[in-house]
Amino acid sequence: MFNVFKFQSSMNNYRFFILSRLFFACFGFIGAQQVYAQSTPPAGKGKFTPIAQWYDDKGVAINAHGGGVLFKDNVYYWFGEHKVAGSAGNTSQVGVHCYSSTNLYDWKDEGIALPMSDDERSDIVKGCVLERPKVIYNAKTKKYVMWFHLELKGKGYSAARTGLAISDKPTGPYRYIRSYRPNAGKMPFYPKGTPDSDRVNATIVKEQDKFFMRDFAGGQMARDMTLFVDDDGKAYHIFSSEENYTLHVAELNADYTAHTGKFSRVYIGQQTEAPAIFKRNGIYYMIGSGCTGWAPNAARLFRAKSIFGPWEYLGNPCIGPNKELTYGGQSTYVLNVNGKKNALIFMADKWEPKNAIDGRYIWLPITFTGDDVKVVWKDSWDLGDLGK
Ligand code: GAL
């Protein structure tokens, strides 16, 4: 339910968020001189060690931030933002990096799946901000479809577009297609059970709907995002919209290459970022974060019977030290191992905005007691810990 006090405190958070971005833009060079140390893979293979440095088959630190994993023909493909050293790494200088694995512990470097362009006229020219890339496979077209959050070079975070790239092979090269703000001119879909207070009234615009109406004609903002393919093959793009105040769950077309115009709004006015979705026993779960830029905050769990909602807010699912700050990380994806029912991995990033390349990965098992979902901290764990 919308509440004016929360909305004002949200506005303060938003100011903090903008100021912190400016701060990093101005002073982020501190640390840019830090030399990035490579070393051979440490002992402990066959284990996940959150926050420790993880190395690929060449002994180079894995560079795939804000990522997601595609499972295809018994191979896992991890896609993420390739970051460079210093604060320059908060912009996209290289592209989307891809790694492959058959066991989730050992990762082979597959190179840059979508390179940034040298052409200043391209939306994805070096120096733009391309974040949170996710790839899904379309069985009908046999194409690998990548969506990401795109900010145009030199425009801060104001473009708030989603971008699309397509490939014939999982590892790429991906061909950039277009970027835009989705669902222009479309009103939301209201799943059964949506309270009246959550319905947009275009004639009497409520405070929590003002950004939605502002962007109605030109398309809705699309920042932090994930993709989800349901059991029936339909795919959804879930993203932070409306100046990050409200999440949108939007249906993609049969080719996964465009938005159909059907979408719902989730947790209106409450600033959810970093969405990650999974489905278990026919119930949809979403883990996200609050909105504090690169700084960590508490994770938030939601549950729904339909992908469009209504989504029920269930609080923080994390257990263990530093649980109020998601162990220093921010969600990026939930990986369903081999499609098995209880084999779900919570994937998060521990950001290092002053030296972006040194961001780390926090992967943890998701545990269940009945339908109760928790993420539990472990210094070290393996796939045998899943489903416990
Ligand atoms: C975070 C967001 C990241 C990135 C960052 C920039 O809140 O989840 O993907 O956009 O802000 O400050």
# chains A, B, ... in the order shown; residues from 1 in each chain; ligands from 1

call {"tool": "residues_near_ligand", "arguments": {"ligand": "ligand 1", "cutoff": "7 Å", "atoms": "only C-alpha atoms and all ligand atoms", "output": "list of chain:residue names"}}
result
A:Arg21, A:Gly66, A:Glu131, A:Arg132, A:Asp224, A:Glu273, A:Ala274, A:Cys291, A:Thr292, A:Gly293, A:Trp294

call {"tool": "residues_around", "arguments": {"residues": "Val125 of chain A", "least_positions_apart": "6", "cutoff": "10 Å", "atoms": "only C-alpha atoms", "output": "PyMOL selection string"}}
result
chain A and resi 92-95+115-119+152-153

call {"tool": "residues_around", "arguments": {"residues": "Asp230 of chain A", "least_positions_apart": "3", "cutoff": "9 Å", "atoms": "only C-alpha atoms", "output": "list in words"}}
result
Gly233, Lys234, Ala235, Tyr236, Lys279 and Ile307 of chain A

call {"tool": "closest_atom_pairs", "arguments": {"of": "segment 220-328 of chain A", "to": "segment 346-349 of chain A", "cutoff": "9 Å", "atoms": "only C-alpha atoms", "output": "tab-separated table"}}
result
residue	atom	partner	partner_atom	distance
A:Ala276	CA	A:Phe346	CA	8.5
A:Ile287	CA	A:Phe346	CA	8.7
A:Thr326	CA	A:Ala348	CA	8.5
A:Gly328	CA	A:Asp349	CA	8.3

call {"tool": "select_by_dssp", "arguments": {"residues": "segment 39-260 of chain A", "states": "alpha helix (DSSP H)", "output": "list in words"}}
result
Lys210, Phe211, Phe212, Met213 and Arg214 of chain A

call {"tool": "select_by_dssp", "arguments": {"residues": "segment 254-365 of chain A", "states": "strand (DSSP E or B)", "output": "compact mmCIF listing (two decimals) with N, CA and C atoms, in the first residue's frame"}}
result
# COMPACT_ATOMS: atom_id res chain seq x y z
N HIS A 259 8.39 -6.54 -26.75
CA HIS A 259 7.38 -6.58 -25.68
C HIS A 259 5.99 -6.62 -26.31
N THR A 260 5.11 -7.40 -25.69
CA THR A 260 3.75 -7.51 -26.27
C THR A 260 2.85 -6.36 -25.86
N GLY A 261 3.22 -5.63 -24.82
CA GLY A 261 2.34 -4.58 -24.30
C GLY A 261 1.57 -5.03 -23.07
N LYS A 262 1.70 -6.33 -22.72
CA LYS A 262 1.04 -6.81 -21.50
C LYS A 262 2.07 -6.80 -20.37
N PHE A 263 1.77 -6.07 -19.33
CA PHE A 263 2.70 -6.00 -18.19
C PHE A 263 1.93 -5.61 -16.94
N SER A 264 2.50 -6.00 -15.79
CA SER A 264 1.90 -5.58 -14.52
C SER A 264 2.93 -4.80 -13.72
N ARG A 265 2.47 -4.07 -12.71
CA ARG A 265 3.34 -3.27 -11.84
C ARG A 265 3.39 -3.95 -10.47
N VAL A 266 4.61 -4.02 -9.92
CA VAL A 266 4.81 -4.77 -8.68
C VAL A 266 5.44 -3.87 -7.60
N GLU A 273 15.07 -3.09 -6.84
CA GLU A 273 16.03 -3.26 -7.93
C GLU A 273 16.48 -4.72 -7.96
N ALA A 274 17.35 -5.02 -8.91
CA ALA A 274 18.08 -6.29 -8.97
C ALA A 274 17.16 -7.52 -8.90
N PRO A 275 16.10 -7.58 -9.71
CA PRO A 275 15.16 -8.71 -9.60
C PRO A 275 15.75 -10.03 -10.12
N ALA A 276 15.41 -11.11 -9.42
CA ALA A 276 15.81 -12.46 -9.82
C ALA A 276 14.61 -13.36 -9.54
N ILE A 277 14.22 -14.19 -10.51
CA ILE A 277 12.96 -14.95 -10.38
C ILE A 277 13.20 -16.45 -10.47
N PHE A 278 12.42 -17.21 -9.73
CA PHE A 278 12.38 -18.66 -9.95
C PHE A 278 10.99 -19.17 -9.63
N LYS A 279 10.74 -20.42 -10.05
CA LYS A 279 9.42 -21.02 -9.86
C LYS A 279 9.63 -22.37 -9.20
N ARG A 280 8.79 -22.66 -8.20
CA ARG A 280 8.90 -23.95 -7.50
C ARG A 280 7.50 -24.36 -7.06
N ILE A 283 4.67 -22.09 -7.83
CA ILE A 283 4.64 -20.73 -7.24
C ILE A 283 5.86 -19.95 -7.75
N TYR A 284 5.64 -18.68 -8.05
CA TYR A 284 6.73 -17.82 -8.51
C TYR A 284 7.33 -17.10 -7.30
N TYR A 285 8.65 -17.03 -7.27
CA TYR A 285 9.34 -16.29 -6.22
C TYR A 285 10.25 -15.26 -6.89
N MET A 286 10.37 -14.14 -6.24
CA MET A 286 11.29 -13.12 -6.76
C MET A 286 12.11 -12.59 -5.58
N ILE A 287 13.43 -12.50 -5.80
CA ILE A 287 14.29 -11.84 -4.81
C ILE A 287 14.85 -10.59 -5.47
N GLY A 288 14.79 -9.48 -4.75
CA GLY A 288 15.32 -8.22 -5.27
C GLY A 288 16.05 -7.49 -4.16
N SER A 289 16.37 -6.23 -4.43
CA SER A 289 17.05 -5.41 -3.42
C SER A 289 16.33 -4.09 -3.30
N ALA A 299 18.00 -7.67 1.15
CA ALA A 299 17.26 -8.32 0.06
C ALA A 299 15.77 -8.36 0.41
N ARG A 300 14.93 -8.51 -0.60
CA ARG A 300 13.49 -8.63 -0.38
C ARG A 300 12.93 -9.78 -1.22
N LEU A 301 12.09 -10.55 -0.58
CA LEU A 301 11.50 -11.73 -1.23
C LEU A 301 10.02 -11.47 -1.50
N PHE A 302 9.55 -11.95 -2.66
CA PHE A 302 8.14 -11.85 -3.03
C PHE A 302 7.68 -13.22 -3.51
N ARG A 303 6.36 -13.40 -3.46
CA ARG A 303 5.79 -14.67 -3.92
C ARG A 303 4.48 -14.37 -4.65
N ALA A 304 4.19 -15.16 -5.69
CA ALA A 304 2.94 -14.95 -6.44
C ALA A 304 2.47 -16.26 -7.07
N GLU A 312 3.17 -10.95 -3.33
CA GLU A 312 3.12 -10.74 -1.89
C GLU A 312 4.55 -10.48 -1.40
N TYR A 313 4.72 -9.44 -0.61
CA TYR A 313 6.04 -9.09 -0.07
C TYR A 313 6.29 -9.90 1.20
N LEU A 314 7.42 -10.59 1.26
CA LEU A 314 7.68 -11.50 2.40
C LEU A 314 8.91 -11.12 3.23
N GLY A 315 9.48 -9.95 2.98
CA GLY A 315 10.62 -9.51 3.80
C GLY A 315 11.95 -10.08 3.32
N CYS A 318 17.33 -13.56 3.80
CA CYS A 318 18.71 -13.93 4.13
C CYS A 318 18.88 -14.27 5.61
N ILE A 319 19.75 -15.24 5.85
CA ILE A 319 20.07 -15.70 7.20
C ILE A 319 21.60 -15.71 7.32
N GLN A 330 24.32 -7.86 -3.85
CA GLN A 330 23.03 -7.47 -4.43
C GLN A 330 22.64 -8.55 -5.43
N SER A 331 21.41 -9.01 -5.35
CA SER A 331 20.96 -10.11 -6.20
C SER A 331 21.17 -9.83 -7.68
N THR A 332 21.40 -10.90 -8.44
CA THR A 332 21.43 -10.73 -9.90
C THR A 332 20.67 -11.84 -10.63
N TYR A 333 20.60 -13.05 -10.04
CA TYR A 333 19.95 -14.15 -10.77
C TYR A 333 19.70 -15.30 -9.81
N VAL A 334 18.71 -16.13 -10.12
CA VAL A 334 18.56 -17.40 -9.42
C VAL A 334 18.76 -18.50 -10.45
N LEU A 335 19.73 -19.35 -10.20
CA LEU A 335 20.11 -20.41 -11.13
C LEU A 335 19.47 -21.72 -10.70
N ASN A 336 18.65 -22.27 -11.60
CA ASN A 336 18.02 -23.56 -11.33
C ASN A 336 18.93 -24.64 -11.90
N LEU A 344 18.44 -24.72 -6.34
CA LEU A 344 18.40 -23.31 -6.75
C LEU A 344 19.53 -22.54 -6.09
N ILE A 345 20.25 -21.78 -6.89
CA ILE A 345 21.38 -21.00 -6.37
C ILE A 345 21.05 -19.52 -6.47
N PHE A 346 21.19 -18.84 -5.35
CA PHE A 346 21.05 -17.38 -5.31
C PHE A 346 22.37 -16.78 -5.76
N MET A 347 22.35 -15.97 -6.80
CA MET A 347 23.56 -15.33 -7.32
C MET A 347 23.51 -13.84 -7.03
N ALA A 348 24.59 -13.32 -6.45
CA ALA A 348 24.64 -11.88 -6.15
C ALA A 348 26.02 -11.32 -6.49
N ASP A 349 26.06 -10.01 -6.62
CA ASP A 349 27.33 -9.32 -6.88
C ASP A 349 27.73 -8.53 -5.66
N LYS A 350 29.01 -8.58 -5.33
CA LYS A 350 29.56 -7.65 -4.34
C LYS A 350 30.31 -6.61 -5.16
N ARG A 360 33.08 -9.00 -6.68
CA ARG A 360 33.12 -10.45 -6.42
C ARG A 360 31.72 -11.05 -6.54
N TYR A 361 31.68 -12.37 -6.45
CA TYR A 361 30.42 -13.10 -6.63
C TYR A 361 30.04 -13.81 -5.34
N ILE A 362 28.76 -13.72 -5.03
CA ILE A 362 28.22 -14.41 -3.85
C ILE A 362 27.16 -15.37 -4.36
N TRP A 363 27.50 -16.64 -4.39
CA TRP A 363 26.52 -17.66 -4.76
C TRP A 363 26.21 -18.47 -3.51
N LEU A 364 24.93 -18.63 -3.22
CA LEU A 364 24.52 -19.36 -2.02
C LEU A 364 23.33 -20.25 -2.32
N PRO A 365 23.22 -21.36 -1.59
CA PRO A 365 22.06 -22.23 -1.81
C PRO A 365 20.78 -21.59 -1.30

call {"tool": "closest_residue", "arguments": {"among": "A:Gln220, A:Asn316, A:Ser101, A:Gln53", "to": "Pro182 of chain A", "atoms": "only C-alpha atoms"}}
result
A:Gln220

call {"tool": "atom_distance", "arguments": {"atom1": "atom CA of His82 of chain A", "atom2": "atom CA of His97 of chain A"}}
result
5.5 Å

call {"tool": "closest_residue", "arguments": {"among": "A:Asn338, A:Thr257, A:Thr246, A:Asn322", "to": "Ile166 of chain A", "atoms": "only C-alpha atoms"}}
result
A:Thr257

call {"tool": "atom_distance", "arguments": {"atom1": "atom CA of Val75 of chain A", "atom2": "atom CA of Leu104 of chain A"}}
result
9.0 Å

call {"tool": "decode", "arguments": {"residues": "segment 45-67 of chain A", "atoms": "N, CA and C atoms", "output": "mmCIF file, in the first residue's frame"}}
result
data_model
loop_
_atom_site.group_PDB
_atom_site.id
_atom_site.type_symbol
_atom_site.label_atom_id
_atom_site.label_comp_id
_atom_site.auth_asym_id
_atom_site.auth_seq_id
_atom_site.Cartn_x
_atom_site.Cartn_y
_atom_site.Cartn_z
ATOM 1 N N LYS A 45 38.745 -26.276 -5.471
ATOM 2 C CA LYS A 45 37.879 -26.507 -6.625
ATOM 3 C C LYS A 45 36.815 -27.509 -6.206
ATOM 4 N N GLY A 46 35.666 -27.440 -6.821
ATOM 5 C CA GLY A 46 34.600 -28.318 -6.376
ATOM 6 C C GLY A 46 33.853 -27.714 -5.198
ATOM 7 N N LYS A 47 34.128 -26.440 -4.929
ATOM 8 C CA LYS A 47 33.461 -25.696 -3.844
ATOM 9 C C LYS A 47 33.083 -24.314 -4.365
ATOM 10 N N PHE A 48 32.038 -23.753 -3.784
ATOM 11 C CA PHE A 48 31.736 -22.346 -4.022
ATOM 12 C C PHE A 48 32.183 -21.578 -2.784
ATOM 13 N N THR A 49 33.000 -20.559 -2.983
ATOM 14 C CA THR A 49 33.497 -19.766 -1.859
ATOM 15 C C THR A 49 33.110 -18.305 -2.112
ATOM 16 N N PRO A 50 31.944 -17.897 -1.593
ATOM 17 C CA PRO A 50 31.472 -16.539 -1.853
ATOM 18 C C PRO A 50 32.510 -15.490 -1.453
ATOM 19 N N ILE A 51 32.605 -14.470 -2.273
ATOM 20 C CA ILE A 51 33.480 -13.294 -2.081
ATOM 21 C C ILE A 51 34.964 -13.570 -2.368
ATOM 22 N N ALA A 52 35.410 -14.824 -2.270
ATOM 23 C CA ALA A 52 36.797 -15.111 -2.673
ATOM 24 C C ALA A 52 36.931 -14.853 -4.181
ATOM 25 N N GLN A 53 38.159 -14.674 -4.639
ATOM 26 C CA GLN A 53 38.352 -14.492 -6.082
ATOM 27 C C GLN A 53 38.091 -15.811 -6.795
ATOM 28 N N TRP A 54 37.328 -15.793 -7.891
ATOM 29 C CA TRP A 54 37.068 -17.007 -8.670
ATOM 30 C C TRP A 54 37.797 -16.886 -10.006
ATOM 31 N N TYR A 55 38.433 -17.990 -10.410
ATOM 32 C CA TYR A 55 39.278 -17.944 -11.613
ATOM 33 C C TYR A 55 38.729 -18.834 -12.725
ATOM 34 N N ASP A 56 39.018 -18.430 -13.968
ATOM 35 C CA ASP A 56 38.585 -19.235 -15.113
ATOM 36 C C ASP A 56 39.665 -20.264 -15.477
ATOM 37 N N ASP A 57 39.476 -20.938 -16.610
ATOM 38 C CA ASP A 57 40.409 -21.997 -17.025
ATOM 39 C C ASP A 57 41.796 -21.464 -17.355
ATOM 40 N N LYS A 58 41.909 -20.134 -17.544
ATOM 41 C CA LYS A 58 43.222 -19.561 -17.864
ATOM 42 C C LYS A 58 43.892 -18.978 -16.628
ATOM 43 N N GLY A 59 43.220 -19.112 -15.470
ATOM 44 C CA GLY A 59 43.785 -18.543 -14.246
ATOM 45 C C GLY A 59 43.511 -17.060 -14.100
ATOM 46 N N VAL A 60 42.576 -16.542 -14.902
ATOM 47 C CA VAL A 60 42.221 -15.120 -14.829
ATOM 48 C C VAL A 60 40.918 -14.997 -14.039
ATOM 49 N N ALA A 61 40.820 -13.953 -13.222
ATOM 50 C CA ALA A 61 39.607 -13.756 -12.412
ATOM 51 C C ALA A 61 38.373 -13.635 -13.318
ATOM 52 N N ILE A 62 37.334 -14.362 -12.966
ATOM 53 C CA ILE A 62 36.101 -14.338 -13.773
ATOM 54 C C ILE A 62 35.521 -12.929 -13.760
ATOM 55 N N ASN A 63 35.165 -12.458 -14.961
ATOM 56 C CA ASN A 63 34.736 -11.071 -15.131
ATOM 57 C C ASN A 63 33.347 -11.065 -15.766
ATOM 58 N N ALA A 64 32.331 -11.304 -14.962
ATOM 59 C CA ALA A 64 30.959 -11.426 -15.491
ATOM 60 C C ALA A 64 29.982 -10.947 -14.411
ATOM 61 N N HIS A 65 29.895 -9.638 -14.264
ATOM 62 C CA HIS A 65 29.137 -9.026 -13.169
ATOM 63 C C HIS A 65 27.697 -8.748 -13.594
ATOM 64 N N GLY A 66 26.818 -8.716 -12.605
ATOM 65 C CA GLY A 66 25.392 -8.458 -12.901
ATOM 66 C C GLY A 66 24.840 -9.523 -13.825
ATOM 67 N N GLY A 67 25.350 -10.746 -13.666
ATOM 68 C CA GLY A 67 25.140 -11.765 -14.702
ATOM 69 C C GLY A 67 23.935 -12.658 -14.502
#
